[in-house]
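Asker: Provided below: model_11.cif, containing mmCIF, C-alpha atoms.
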data_coords
loop_
_atom_site.label_atom_id
_atom_site.label_comp_id
_atom_site.auth_asym_id
_atom_site.auth_seq_id
_atom_site.Cartn_x
_atom_site.Cartn_y
_atom_site.Cartn_z
CA MET W 295 -9.48 36.64 1.45
CA ALA W 296 -11.92 33.75 2.02
CA LEU W 297 -10.46 30.27 2.38
CA GLY W 298 -12.12 29.12 -0.84
CA ASP W 299 -10.64 32.02 -2.77
CA TYR W 300 -7.19 31.35 -1.28
CA ILE W 301 -7.36 27.67 -2.28
CA LYS W 302 -8.28 28.59 -5.84
CA SER W 303 -5.50 31.17 -6.06
CA MET W 304 -2.68 28.90 -4.89
CA THR W 305 0.37 29.05 -7.14
CA THR W 306 2.46 26.14 -8.38
CA ARG W 307 5.32 27.30 -6.17
CA GLN W 308 3.14 27.27 -3.04
CA THR W 309 1.77 23.84 -3.92
CA VAL W 310 5.24 22.38 -4.49
CA ALA W 311 6.46 23.90 -1.21
CA LEU W 312 3.61 22.43 0.85
CA CYS W 313 3.87 19.02 -0.81
CA SER W 314 7.63 19.00 -0.32
CA ILE W 315 7.18 19.64 3.40
CA LEU W 316 4.74 16.72 3.71
CA ILE W 317 7.04 14.41 1.75
CA LEU W 318 10.16 15.53 3.59
CA PHE W 319 8.48 14.90 6.94
CA GLN W 320 7.81 11.27 6.00
CA VAL W 321 11.30 10.83 4.52
CA ILE W 322 12.99 12.12 7.69
CA TYR W 323 10.72 9.95 9.85
CA ALA W 324 11.44 6.85 7.76
CA TYR W 325 15.22 7.21 7.70
CA THR W 326 15.32 8.07 11.40
CA TYR W 327 13.24 5.18 12.70
CA TYR W 328 13.42 2.36 10.14
CA TYR W 329 14.27 -1.13 11.47
CA ARG W 330 18.02 -1.56 10.98
CA PHE W 331 17.84 -5.29 11.65
CA PRO W 332 15.43 -7.57 9.70
CA TYR W 333 12.15 -7.52 11.59
CA PHE W 334 10.25 -10.84 11.99
CA ASP W 335 9.09 -11.96 8.49
CA HIS W 336 11.93 -9.99 6.93
CA LEU W 337 14.30 -12.61 8.30
CA ASP W 338 12.66 -15.14 5.96
CA LEU W 339 14.59 -13.49 3.15
CA SER W 340 17.58 -15.37 4.58
CA ILE W 341 16.21 -18.52 2.93
CA PHE W 342 16.62 -16.96 -0.52
CA LEU W 343 19.95 -15.39 0.36
CA GLU W 344 21.27 -18.77 1.47
CA ARG W 345 20.17 -20.35 -1.81
CA TYR W 346 21.68 -17.47 -3.76
CA TYR W 347 25.08 -17.90 -2.10
CA ASN W 348 24.83 -21.69 -2.59
CA GLY W 349 23.92 -21.25 -6.25
CA THR W 350 20.56 -23.04 -5.85
CA LEU W 351 18.11 -20.11 -6.07
CA THR W 352 15.49 -20.52 -8.81
CA LEU W 353 12.79 -18.30 -10.29
CA LYS W 354 10.17 -20.68 -8.88
CA ASP W 355 11.48 -19.92 -5.38
CA LEU W 356 10.68 -16.24 -5.86
CA PHE W 357 7.11 -17.05 -6.89
CA SER W 358 6.46 -19.34 -3.95
CA PRO W 359 3.80 -18.05 -1.51
CA HIS W 360 4.96 -16.62 1.79
CA GLY W 361 3.15 -17.67 4.93
CA GLU W 362 -0.58 -18.28 4.58
CA SER W 363 -1.50 -16.56 1.35
CA HIS W 364 0.79 -13.91 -0.10
CA TRP W 365 3.13 -13.59 -3.03
CA HIS W 366 6.00 -11.12 -2.81
CA ALA W 367 7.76 -12.12 -6.03
CA PHE W 368 8.67 -8.72 -7.46
CA ALA W 369 9.56 -7.39 -4.02
CA TYR W 370 12.00 -10.31 -3.69
CA MET W 371 13.48 -9.39 -7.06
CA ILE W 372 14.31 -5.97 -5.64
CA MET W 373 15.18 -6.88 -2.04
CA LEU W 374 17.54 -9.74 -2.89
CA PRO W 375 19.94 -7.81 -5.17
CA LEU W 376 19.90 -4.90 -2.73
CA ALA W 377 20.70 -7.23 0.18
CA VAL W 378 23.60 -8.87 -1.69
CA TRP W 379 24.99 -5.57 -2.95
CA SER W 380 24.65 -3.64 0.33
CA HIS W 381 25.30 -6.52 2.79
CA TRP W 382 21.59 -6.23 3.67
CA ASN W 383 21.55 -2.55 4.56
CA ILE W 384 17.80 -2.06 4.98
CA ALA W 385 18.07 1.68 4.32
CA TRP W 386 18.02 0.77 0.62
CA ASP W 387 14.66 -0.98 1.03
CA ILE W 388 13.29 2.17 2.64
CA THR W 389 14.62 4.19 -0.29
CA VAL W 390 12.69 1.98 -2.70
CA ILE W 391 9.49 2.45 -0.63
CA ILE W 392 9.88 6.22 -0.81
CA LEU W 393 10.57 6.16 -4.55
CA VAL W 394 7.49 3.98 -5.11
CA SER W 395 5.39 6.45 -3.10
CA LEU W 396 6.71 9.30 -5.25
CA TYR W 397 5.73 7.32 -8.35
CA MET W 398 2.21 6.82 -6.97
CA LEU W 399 1.87 10.53 -6.25
CA ALA W 400 3.07 11.39 -9.76
CA ILE W 401 0.63 9.05 -11.50
CA PHE W 402 -2.20 10.19 -9.23
CA ILE W 403 -1.49 13.82 -10.12
CA LEU W 404 -1.87 12.86 -13.78
CA MET W 405 -5.31 11.47 -12.96
CA LEU W 406 -6.18 14.67 -11.08
CA ARG W 407 -5.13 16.76 -14.08
CA GLU W 408 -7.50 14.81 -16.33
CA THR W 409 -10.32 15.28 -13.83
CA SER W 410 -9.72 19.01 -13.42
CA ARG W 411 -9.51 19.45 -17.20
CA ALA W 412 -12.67 17.46 -17.92
CA LEU W 413 -14.77 19.25 -15.31
CA ASP W 414 -13.18 22.69 -15.67
CA LEU W 415 -11.80 22.61 -12.11
CA LYS W 416 -8.21 23.66 -12.78
CA PRO W 417 -8.18 26.21 -9.91
CA LEU W 418 -8.80 23.32 -7.48
CA LEU W 419 -5.96 21.16 -8.80
CA PRO W 420 -3.29 22.47 -6.36
CA PHE W 421 -5.60 21.81 -3.41
CA MET W 422 -6.31 18.26 -4.59
CA VAL W 423 -2.58 17.62 -5.10
CA ILE W 424 -1.85 18.71 -1.52
CA LEU W 425 -4.60 16.46 -0.15
CA SER W 426 -3.23 13.55 -2.20
CA THR W 427 0.28 14.11 -0.84
CA LEU W 428 -1.06 14.17 2.72
CA PHE W 429 -2.63 10.73 2.25
CA ILE W 430 -0.03 9.00 0.08
CA PHE W 431 2.80 10.13 2.38
CA SER W 432 0.91 9.70 5.66
CA ILE W 433 2.87 8.67 8.75
CA ASP W 434 0.11 6.30 9.88
CA GLN W 435 1.60 3.83 7.40
CA ALA W 436 4.54 3.61 9.81
CA GLU W 437 4.44 -0.17 10.26
CA ASN W 438 4.97 -0.67 6.53
CA LEU W 439 7.13 2.40 6.05
CA LEU W 440 9.74 1.41 8.65
CA TRP W 441 9.74 -2.28 7.76
CA GLY W 442 11.70 -2.95 4.59
CA TRP W 443 9.90 -6.26 4.15
CA GLN W 444 6.64 -4.38 3.52
CA MET W 445 8.00 -2.95 0.28
CA SER W 446 5.62 -5.44 -1.31
CA ALA W 447 2.59 -3.52 -0.01
CA PHE W 448 3.72 -0.30 -1.69
CA LEU W 449 4.61 -2.10 -4.92
CA SER W 450 1.17 -3.73 -4.99
CA LEU W 451 -0.57 -0.40 -4.45
CA ALA W 452 1.57 1.15 -7.19
CA GLY W 453 0.28 -1.58 -9.51
CA CYS W 454 -3.27 -0.62 -8.53
CA PHE W 455 -2.69 3.08 -9.28
CA THR W 456 -1.14 2.17 -12.63
CA MET W 457 -3.98 -0.12 -13.68
CA ILE W 458 -6.60 2.51 -12.84
CA PHE W 459 -4.60 5.17 -14.67
CA PHE W 460 -4.46 3.22 -17.93
CA LEU W 461 -8.07 2.04 -17.85
CA THR W 462 -9.41 5.56 -17.36
CA ARG W 463 -7.51 7.29 -20.17
CA PRO W 464 -9.90 9.38 -22.32
CA GLU W 465 -9.09 7.51 -25.56
CA SER W 466 -8.96 3.86 -24.28
CA LEU W 467 -6.47 2.21 -26.65
CA PRO W 468 -5.42 -1.48 -26.88
CA TRP W 469 -2.00 -0.79 -25.40
CA HIS W 470 -3.73 0.77 -22.38
CA ILE W 471 -5.43 -2.58 -21.79
CA LEU W 472 -2.11 -4.40 -22.13
CA LEU W 473 -0.32 -2.11 -19.66
CA ALA W 474 -3.25 -2.26 -17.25
CA SER W 475 -3.10 -6.06 -17.37
CA ILE W 476 0.63 -6.04 -16.65
CA ALA W 477 0.08 -3.62 -13.76
CA SER W 478 -2.66 -5.85 -12.30
CA ALA W 479 -0.48 -8.96 -12.44
CA PHE W 480 2.43 -7.00 -10.95
CA ALA W 481 0.19 -5.92 -8.06
CA VAL W 482 -1.02 -9.48 -7.41
CA TYR W 483 2.51 -10.91 -7.45
CA ASN W 484 3.36 -8.48 -4.66
CA TYR W 485 0.22 -8.84 -2.52
CA ALA W 486 -2.58 -11.32 -3.18
CA THR W 487 -5.37 -8.97 -2.09
CA SER W 488 -4.79 -7.18 -5.40
CA LEU W 489 -6.60 -10.05 -7.12
CA ALA W 490 -9.54 -7.66 -6.71
CA LEU W 491 -8.06 -5.52 -9.49
CA TRP W 492 -9.17 -7.95 -12.21
CA PRO W 493 -12.95 -7.59 -11.66
CA ILE W 494 -12.52 -3.87 -10.96
CA GLY W 495 -10.70 -3.56 -14.29
CA VAL W 496 -13.54 -5.28 -16.14
CA VAL W 497 -16.05 -2.85 -14.62
CA LEU W 498 -13.87 0.11 -15.66
CA ILE W 499 -13.75 -1.21 -19.23
CA LEU W 500 -17.53 -1.65 -19.33
CA LEU W 501 -18.21 1.81 -17.87
CA HIS W 502 -15.72 3.68 -20.04
CA PRO W 503 -17.83 6.01 -22.25
CA ALA W 504 -15.32 5.93 -25.13
CA ASN W 505 -15.57 2.15 -25.52
CA SER W 506 -17.95 0.89 -28.17
CA THR W 507 -19.89 -2.31 -27.50
CA ARG W 508 -17.36 -4.23 -29.60
CA LYS W 509 -14.44 -2.79 -27.64
CA LYS W 510 -16.14 -3.51 -24.33
CA ILE W 511 -16.61 -7.17 -25.26
CA ALA W 512 -13.08 -7.59 -26.63
CA TYR W 513 -11.27 -5.73 -23.85
CA SER W 514 -13.34 -7.37 -21.12
CA ALA W 515 -12.68 -10.82 -22.56
CA ILE W 516 -8.93 -10.16 -22.56
CA PHE W 517 -9.01 -8.88 -18.98
CA ILE W 518 -11.16 -11.77 -17.77
CA LEU W 519 -8.91 -14.40 -19.40
CA LEU W 520 -5.72 -12.86 -18.03
CA GLY W 521 -7.31 -12.40 -14.62
CA ALA W 522 -8.48 -16.02 -14.60
CA ALA W 523 -4.97 -17.22 -15.48
CA ASN W 524 -3.45 -15.07 -12.74
CA THR W 525 -6.01 -16.26 -10.20
CA TYR W 526 -5.48 -19.91 -11.18
CA HIS W 527 -1.72 -19.51 -10.75
CA TYR W 528 -2.29 -18.04 -7.31
CA TYR W 529 -4.59 -20.77 -6.07
CA ALA W 530 -2.44 -23.51 -7.58
CA ALA W 531 0.56 -22.12 -5.70
CA ILE W 532 -1.40 -21.83 -2.46
CA MET W 533 -2.80 -25.36 -2.74
CA GLU W 534 0.72 -26.64 -3.37
CA THR W 535 1.74 -25.29 0.03
CA LYS W 536 -1.56 -26.44 1.60
CA ASN W 537 -2.19 -23.00 3.06
CA ALA W 538 -5.52 -22.21 1.40
CA ALA W 539 -8.14 -21.04 3.87
CA ALA W 540 -11.24 -18.86 3.81
CA ASN W 541 -14.09 -18.06 6.14
CA PRO W 542 -17.78 -17.83 5.23
CA ILE W 543 -19.42 -14.41 5.00
CA SER W 544 -20.98 -13.43 8.33
CA LEU W 545 -21.76 -10.37 10.44
CA ASN W 546 -18.23 -10.74 11.80
CA THR W 547 -16.86 -10.41 8.25
CA ILE W 548 -18.87 -7.22 7.71
CA HIS W 549 -17.74 -5.80 11.06
CA PHE W 550 -14.12 -6.64 10.21
CA THR W 551 -14.48 -4.96 6.80
CA LEU W 552 -15.83 -1.73 8.31
CA ASN W 553 -13.09 -1.68 10.97
CA PHE W 554 -10.47 -2.23 8.26
CA LEU W 555 -11.78 0.77 6.29
CA GLY W 556 -12.26 2.97 9.33
CA SER W 557 -8.68 2.37 10.48
CA GLY W 558 -7.53 4.32 7.44
CA ILE W 559 -8.18 7.53 9.40
CA ALA W 560 -9.45 6.45 12.84
CA ARG W 561 -7.21 3.65 14.14
CA PHE W 562 -6.64 5.81 17.22
CA SER W 563 -10.34 5.67 18.16
CA HIS W 564 -11.46 2.10 18.93
CA ASN W 565 -15.00 3.17 19.83
CA THR W 566 -15.76 4.95 16.56
CA VAL W 567 -13.70 3.08 13.95
CA THR W 568 -16.64 0.96 12.74
CA ILE W 569 -18.94 3.96 12.34
CA VAL W 570 -16.16 5.89 10.60
CA GLY W 571 -15.65 3.02 8.15
CA LEU W 572 -19.39 2.89 7.38
CA ALA W 573 -19.52 6.68 6.95
CA GLY W 574 -16.55 6.65 4.57
CA LEU W 575 -18.07 3.90 2.46
CA ALA W 576 -21.48 5.60 2.37
CA GLY W 577 -19.87 8.94 1.46
CA CYS W 578 -18.04 7.43 -1.51
CA VAL W 579 -21.20 5.74 -2.81
CA TRP W 580 -23.29 8.90 -2.43
CA LEU W 581 -20.72 11.14 -4.12
CA TYR W 582 -20.18 8.70 -6.98
CA PHE W 583 -23.84 8.68 -7.95
CA ARG W 584 -24.19 12.41 -7.31
CA LEU W 585 -21.19 13.34 -9.48
CA ARG W 586 -21.49 10.86 -12.33
CA ALA W 587 -24.65 12.51 -13.60
CA TYR W 588 -23.28 16.06 -13.56
CA ASN W 589 -22.42 16.18 -17.28
CA LYS W 590 -21.20 13.98 -20.13
CA ASN W 591 -17.59 14.20 -18.89
CA SER W 592 -18.20 13.55 -15.22
CA LEU W 593 -18.43 9.73 -15.31
CA LEU W 594 -14.94 9.22 -16.73
CA ALA W 595 -13.61 12.06 -14.56
CA ILE W 596 -14.57 10.34 -11.30
CA LEU W 597 -14.10 6.69 -12.33
CA PRO W 598 -10.47 6.60 -11.06
CA TYR W 599 -11.57 7.50 -7.53
CA ALA W 600 -14.54 5.14 -7.55
CA ALA W 601 -12.15 2.36 -8.62
CA LEU W 602 -9.68 3.30 -5.88
CA ALA W 603 -12.43 3.16 -3.26
CA ALA W 604 -13.63 -0.18 -4.66
CA TYR W 605 -10.07 -1.52 -4.37
CA ALA W 606 -9.88 -0.56 -0.69
CA VAL W 607 -13.25 -2.19 0.01
CA SER W 608 -12.20 -5.35 -1.86
CA CYS W 609 -8.94 -5.55 0.10
CA ALA W 610 -10.94 -5.22 3.31
CA ILE W 611 -13.32 -8.03 2.32
CA LEU W 612 -10.56 -10.37 1.13
CA THR W 613 -8.58 -9.75 4.31
CA ALA W 614 -11.71 -10.43 6.36
CA PHE W 615 -12.08 -13.84 4.69
CA GLY W 616 -8.64 -14.78 5.96
CA ARG W 617 -8.40 -12.93 9.27
CA ALA W 618 -11.89 -12.35 10.71
CA GLN W 619 -11.67 -15.71 12.49
CA TYR W 620 -9.06 -14.14 14.79
CA GLY W 621 -11.42 -11.33 15.83
CA VAL W 622 -12.49 -7.97 14.43
CA ASP W 623 -9.68 -6.19 16.28
CA GLN W 624 -7.31 -7.77 13.74
CA ALA W 625 -8.71 -5.28 11.22
CA GLY W 626 -6.94 -2.52 13.10
CA ILE W 627 -3.45 -3.87 12.41
CA ALA W 628 -1.50 -0.80 11.32
CA ARG W 629 0.03 -2.40 8.24
CA TYR W 630 -3.44 -2.60 6.68
CA ILE W 631 -3.66 1.19 6.50
CA THR W 632 -1.71 1.19 3.23
CA PHE W 633 -4.64 -0.73 1.75
CA SER W 634 -7.45 1.18 3.48
CA TYR W 635 -6.30 4.76 2.92
CA PRO W 636 -7.23 4.64 -0.82
CA LEU W 637 -10.90 4.80 0.24
CA TRP W 638 -10.25 8.05 2.05
CA LEU W 639 -8.02 9.43 -0.67
CA ALA W 640 -10.84 8.78 -3.14
CA LEU W 641 -13.37 10.36 -0.80
CA VAL W 642 -11.46 13.62 -0.23
CA ILE W 643 -10.93 14.00 -3.98
CA MET W 644 -14.60 13.40 -4.73
CA ILE W 645 -15.51 15.90 -2.00
CA SER W 646 -13.16 18.43 -3.62
CA VAL W 647 -14.80 17.85 -7.00
CA TYR W 648 -18.25 18.26 -5.43
CA LEU W 649 -17.17 21.55 -3.82
CA GLY W 650 -15.99 22.79 -7.18
CA LEU W 651 -19.26 21.90 -8.88
CA ALA W 652 -21.78 22.79 -6.14
CA GLU W 653 -23.67 25.98 -6.92
CA THR W 654 -24.76 27.08 -3.44
CA LYS W 655 -23.10 27.61 -0.07
CA CYS W 656 -25.83 25.52 1.50
CA ALA W 657 -24.75 22.53 -0.60
CA ARG W 658 -21.07 23.07 0.15
CA LYS W 659 -21.20 23.54 3.92
CA PRO W 660 -21.83 19.89 5.00
CA VAL W 661 -19.13 18.48 2.73
CA ILE W 662 -16.63 21.16 3.84
CA ILE W 663 -17.23 20.04 7.42
CA ALA W 664 -16.84 16.40 6.39
CA LEU W 665 -13.57 17.16 4.56
CA ALA W 666 -12.19 19.02 7.58
CA ILE W 667 -13.08 16.11 9.89
CA ILE W 668 -11.43 13.56 7.57
CA VAL W 669 -8.21 15.60 7.35
CA LEU W 670 -8.12 16.13 11.14
CA PHE W 671 -8.73 12.42 11.75
CA LYS W 672 -5.96 11.54 9.30
CA MET W 673 -3.51 13.82 11.07
CA GLY W 674 -4.54 12.38 14.45
CA ASN W 675 -4.13 8.87 13.10
CA SER W 676 -0.65 9.71 11.85
CA ALA W 677 0.39 11.21 15.17
CA TYR W 678 -0.95 8.22 17.13
CA ILE W 679 0.48 5.44 14.95
CA GLY W 680 3.68 7.30 14.12
CA GLY W 681 4.36 7.72 17.85
CA ARG W 682 3.63 4.05 18.57
CA PHE W 683 6.11 2.83 16.00
CA VAL W 684 8.85 5.14 17.20
CA LYS W 685 8.73 3.04 20.38
CA VAL W 686 8.58 -0.24 18.44
CA SER W 687 11.54 0.80 16.30
CA THR W 688 13.62 1.96 19.26
CA LYS W 689 13.04 -1.33 21.07
CA HIS W 690 13.79 -3.44 17.99
CA ASN W 691 17.00 -1.57 17.21
CA GLU W 692 18.12 -2.10 20.81
CA ILE W 693 17.53 -5.83 20.35
CA GLN W 694 19.63 -5.69 17.19
CA GLN W 695 22.58 -4.37 19.17
CA GLU W 696 22.14 -7.07 21.79
CA VAL W 697 22.09 -9.79 19.12
CA ALA W 698 25.25 -8.38 17.51
CA ASN W 699 27.07 -8.23 20.83
CA LYS W 700 26.10 -11.71 22.07
CA TYR W 701 26.20 -13.80 18.89
CA PRO W 702 26.52 -16.79 18.80
CA ASP W 703 25.68 -17.17 22.51
CA ILE W 704 22.10 -15.99 22.22
CA SER W 705 19.40 -17.14 24.63
CA SER W 706 16.11 -18.61 23.49
CA ALA W 707 14.27 -15.66 25.02
CA LEU W 708 16.25 -13.19 22.92
CA LEU W 709 15.76 -15.22 19.74
CA LEU W 710 12.00 -15.26 20.25
CA ARG W 711 12.04 -11.48 20.38
CA ILE W 712 13.30 -11.33 16.79
CA PHE W 713 11.41 -14.29 15.28
CA PRO W 714 8.60 -16.58 16.52
CA PHE W 715 10.48 -19.87 15.83
CA GLU W 716 13.74 -20.38 17.68
CA GLN W 717 15.47 -22.93 15.44
CA GLN W 718 14.68 -20.97 12.29
CA ALA W 719 15.99 -17.81 13.93
CA ARG W 720 19.28 -19.54 14.79
CA HIS W 721 19.63 -20.77 11.22
CA TYR W 722 18.87 -17.35 9.75
CA LEU W 723 21.48 -15.70 11.96
CA LYS W 724 23.98 -18.36 10.91
CA VAL W 725 23.33 -17.53 7.25
CA MET W 726 23.72 -13.82 7.96
CA TYR W 727 26.95 -14.34 9.88
CA ALA W 728 28.46 -16.67 7.27
CA ASN W 729 27.80 -14.14 4.51
CA ARG W 730 28.57 -11.00 6.53
CA LEU W 731 25.09 -9.53 6.22
CA ASN W 732 23.51 -6.64 8.13
CA ILE W 733 24.86 -6.51 11.72
CA PHE W 734 27.58 -9.02 10.73
CA LYS W 735 28.87 -6.98 7.80
CA ALA W 736 32.29 -6.49 9.41
CA GLN W 737 33.07 -9.37 11.77
CA PRO W 738 36.45 -10.94 12.57
CA ASP W 739 37.15 -14.17 10.69
CA GLU W 740 36.85 -17.09 13.09
CA ILE W 741 40.18 -18.57 11.98
CA THR W 742 42.48 -15.66 11.19
CA GLY W 743 40.96 -13.01 13.44
CA THR W 744 40.95 -10.51 10.56
CA THR W 745 37.93 -8.58 9.35
CA ARG W 746 36.48 -9.97 6.15
CA HIS W 747 34.44 -7.95 3.64
CA HIS W 748 32.52 -9.39 0.68
#
Hey, can you dump this file as C-alpha cells for me?
Answerer:
Amino acid sequence: MALGDYIKSMTTRQTVALCSILILFQVIYAYTYYYRFPYFDHLDLSIFLERYYNGTLTLKDLFSPHGESHWHAFAYMIMLPLAVWSHWNIAWDITVIILVSLYMLAIFILMLRETSRALDLKPLLPFMVILSTLFIFSIDQAENLLWGWQMSAFLSLAGCFTMIFFLTRPESLPWHILLASIASAFAVYNYATSLALWPIGVVLILLHPANSTRKKIAYSAIFILLGAANTYHYYAAIMETKNAAANPISLNTIHFTLNFLGSGIARFSHNTVTIVGLAGLAGCVWLYFRLRAYNKNSLLAILPYAALAAYAVSCAILTAFGRAQYGVDQAGIARYITFSYPLWLALVIMISVYLGLAETKCARKPVIIALAIIVLFKMGNSAYIGGRFVKVSTKHNEIQQEVANKYPDISSALLLRIFPFEQQARHYLKVMYANRLNIFKAQPDEITGTTRHH
C-alpha cells in the first residue's frame, strides 16, 4: 500500500493511538523534569503571596506589568490559588500547562474538521490531527513546559486559538465576535505580544465571505474599539512603571524576526535558522494565495491557518522591537518557540490541504519533500532542546536541595544561582519559609521545634 493510500485509510483508533503516544511522551517528560523549585522570574510570585498572607493583595496588583513589558494577570489568578492550596507545589502549574495544551489541540481539531468538510478532504483529517499533535505537544517547548511560570505563554496562545476559531466560523454571528474579543483580551493579559490579535481579528472579519458589508463595518468597529481600549490599558500600565521601550525597524529587526521564526523548527542549526525562517514565511504566503482561489469554500477553509501564521510573524516582530538591541541571537531563546511554532503548524496544515487538492504527482512531489523536511527538523529540534533542558532541570533541582539544606545560611553565590538580585532572593526565601511554601512546606518551628503545616 502506498504511503498516501495508508494516510487516507487511517482509522480513528489508529489516530487516537498515535496522538496519545505523542501526548504521553510530553506528559512524562514534563512531570519528570519540571523545575521543583521556583525558577528565576517564578520567584517574583512571592511578592503576591506575601501580600495575600498579609491581606493586602489587590486586583490591581495582578494587572501590574512584570519586568519590561508583560502582563501575566490571568496566569497569576491560576498560579496564586494553586500555590496557596498546594504549598507551592509546582507540579500543579505543569498540570495546568498540559490541560491548556489539550484544550488547544481540541479547538484546533475543530478547525481542521471544518476545513476537511469544506474542501472534501475528510480522508486527510487523521493525518492533519497527528501533525497538529506533534507540533502542539512538541518537546522543543521545554523551557516553557518545565517552568511553571511560563503558564502565561500557553494561556496566551490558547486565547489566540480561541479567537481564530470564533472568527472563522462559517456563519459569523454576533456572539462569535464577542467571544473572540474576550479571547483576544485574555491572550493579551497573559502575554503582551498577543496585542497583534486585534488587527489580525479585524482582517479576519473583513475577509470572512459570509459577512455582508454592513456586518464587516459593524464587527470591525467593535473589534477596533475594544482593541484600542485594551492597547491603551497596556501602554498606560507600562508607562506607569516607566518600562516602555521600542527599537526602530532596521535590518537587525528583520534578521531577528527571521531567526525567531526559524527557531520554531531549526533552533539546533545556527547556520541555517535565518534561511529556514525565510523559507517558512515564503511557504505560508505562497500556499495561502495558491489555496484561497481553489473554490468558493477555500478562502474560509484556510483563513485559520493564515491567521495563525500571521500571529507568529507578529509575535516575532513585536519581540524584535524589544529585544533586537541585544543581538539577533536573542531570537533563538527557547521559550520563544511556543510563539514561533504556530507558523510551522499553519504551514504543515496548508501543505496537507495542498496535497489533498493537487491533481498531479508532479505538483505533489516538492511539497511532500518540504513536509518531510519540516517534520524531521521539528523532531531534531525537540531532541536538541529537550536534551538541553534535562541538564538545566537537573542542575536547578540540585540547587533547590542545596538551598533547602543550608537555609538560612546561604551564600551570595548560591543566591545568585536562583535569582539575579541577592537581596530580593533573600526576601523571597524568607516569605517562602514563613509561610511553609515549596521546599519549606514541612520545616520545624523555630520556637517549639515541631513541624508546622498550613
Asker: Could you list, as number ranges by chain, every residue within 8 Å of segment 676-688 of chain W, counting all atoms listed in the file and ignoring same-chain residues fewer than 3 positions away?
Answerer: W: 327-329, 432-437, 440, 561-562, 628, 672-673, 691-692
Asker: List every residue of segment 482-584 of chain W that has an atom at most 12 Å from any atom of segment 598-605 of chain W, and for each one report the closest atom pair and its distance in Å to one decimal, counting only C-alpha atoms, with rows sorted by chain and then by increasing residue number, as JSON lines.
Answerer:
{"residue": "W:Thr487", "atom": "CA", "partner": "W:Tyr605", "partner_atom": "CA", "distance": 9.1}
{"residue": "W:Ser488", "atom": "CA", "partner": "W:Tyr605", "partner_atom": "CA", "distance": 7.8}
{"residue": "W:Leu489", "atom": "CA", "partner": "W:Tyr605", "partner_atom": "CA", "distance": 9.6}
{"residue": "W:Ala490", "atom": "CA", "partner": "W:Tyr605", "partner_atom": "CA", "distance": 6.6}
{"residue": "W:Leu491", "atom": "CA", "partner": "W:Tyr605", "partner_atom": "CA", "distance": 6.8}
{"residue": "W:Trp492", "atom": "CA", "partner": "W:Tyr605", "partner_atom": "CA", "distance": 10.2}
{"residue": "W:Pro493", "atom": "CA", "partner": "W:Tyr605", "partner_atom": "CA", "distance": 9.9}
{"residue": "W:Ile494", "atom": "CA", "partner": "W:Ala601", "partner_atom": "CA", "distance": 6.7}
{"residue": "W:Gly495", "atom": "CA", "partner": "W:Ala601", "partner_atom": "CA", "distance": 8.3}
{"residue": "W:Val496", "atom": "CA", "partner": "W:Ala601", "partner_atom": "CA", "distance": 10.8}
{"residue": "W:Val497", "atom": "CA", "partner": "W:Ala601", "partner_atom": "CA", "distance": 8.9}
{"residue": "W:Leu498", "atom": "CA", "partner": "W:Ala601", "partner_atom": "CA", "distance": 7.6}
{"residue": "W:Ile499", "atom": "CA", "partner": "W:Ala601", "partner_atom": "CA", "distance": 11.3}
{"residue": "W:Leu501", "atom": "CA", "partner": "W:Ala601", "partner_atom": "CA", "distance": 11.1}
{"residue": "W:His502", "atom": "CA", "partner": "W:Pro598", "partner_atom": "CA", "distance": 10.8}
{"residue": "W:Leu555", "atom": "CA", "partner": "W:Ala603", "partner_atom": "CA", "distance": 9.9}
{"residue": "W:Gly558", "atom": "CA", "partner": "W:Ala603", "partner_atom": "CA", "distance": 11.8}
{"residue": "W:Gly571", "atom": "CA", "partner": "W:Ala603", "partner_atom": "CA", "distance": 11.9}
{"residue": "W:Gly574", "atom": "CA", "partner": "W:Ala603", "partner_atom": "CA", "distance": 9.5}
{"residue": "W:Leu575", "atom": "CA", "partner": "W:Ala603", "partner_atom": "CA", "distance": 8.1}
{"residue": "W:Ala576", "atom": "CA", "partner": "W:Ala603", "partner_atom": "CA", "distance": 10.9}
{"residue": "W:Gly577", "atom": "CA", "partner": "W:Ala603", "partner_atom": "CA", "distance": 10.5}
{"residue": "W:Cys578", "atom": "CA", "partner": "W:Ala603", "partner_atom": "CA", "distance": 7.3}
{"residue": "W:Val579", "atom": "CA", "partner": "W:Ala600", "partner_atom": "CA", "distance": 8.2}
{"residue": "W:Trp580", "atom": "CA", "partner": "W:Ala600", "partner_atom": "CA", "distance": 10.8}
{"residue": "W:Leu581", "atom": "CA", "partner": "W:Ala600", "partner_atom": "CA", "distance": 9.3}
{"residue": "W:Tyr582", "atom": "CA", "partner": "W:Ala600", "partner_atom": "CA", "distance": 6.7}
{"residue": "W:Phe583", "atom": "CA", "partner": "W:Ala600", "partner_atom": "CA", "distance": 10.0}
Asker: Of the residues W:Val570, W:Leu639, W:Leu419, W:Val661, which is the one nearest to Thr551 of chain W, using all atoms listed in the file?
Answerer: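 Looking only at the distances to Thr551 of chain W, the closest residue turns out to be W:Val570.
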Asker: Find, counting all atoms listed in the file, the residue in W:Phe357, W:Trp382, W:Phe319, W:Phe715 that gets nearest to Phe480 of chain W.
Answerer: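 Closest residue, counting all atoms listed in the file: W:Phe357.
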Asker: Can you translate the PyMOL selection byres ((chain W and resi 702-714) around 10) into the concrete residues it hits in this file, as a ChimeraX atom specification?
Answerer: /W:331-338,690,693-694,696-701,715-720,722-724,727
Asker: Between atom CA of Met398 of chain W and atom CA of Ala452 of chain W, what is the spacing in Å?
Answerer: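 Result for atom CA of Ala452 of chain W versus atom CA of Met398 of chain W: 5.7 Å, one decimal.
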Asker: Considering all atoms listed in the file, can you say which of W:Ile569, W:Ile596, W:Ile559, W:Leu339 comes closest to Phe429 of chain W?
Answerer: W:Ile559
Asker: Excluding same-chain residues fewer than 3 positions from Phe550 of chain W, what lies within 12 Å of it counting only C-alpha atoms, as number ranges by chain?
Answerer: W: 543-547, 553-557, 567-569, 571-572, 607, 609-627, 630
Asker: Taking 4 positions as the minimum chain separation for residues in the same chain, which residues sit within 9 Å of Arg407 of chain W when counting all atoms listed in the file? Answer as a list of chain:residue names.
Answerer: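 Listing them by chain and then by number gives W:Phe402, W:Ile403, W:Arg411, W:Ala412, W:Lys416, W:Leu419.
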Asker: Box in all listed atoms of segment 663-677 of chain W, axis-aligned, with 6 Å more on each side; write out centre and edge lengths in Å to one decimal as lines of an AutoDock Vina configuration file.
Answerer:
center_x = -8.4
center_y = 14.5
center_z = 9.9
size_x = 29.6
size_y = 23.2
size_z = 22.6
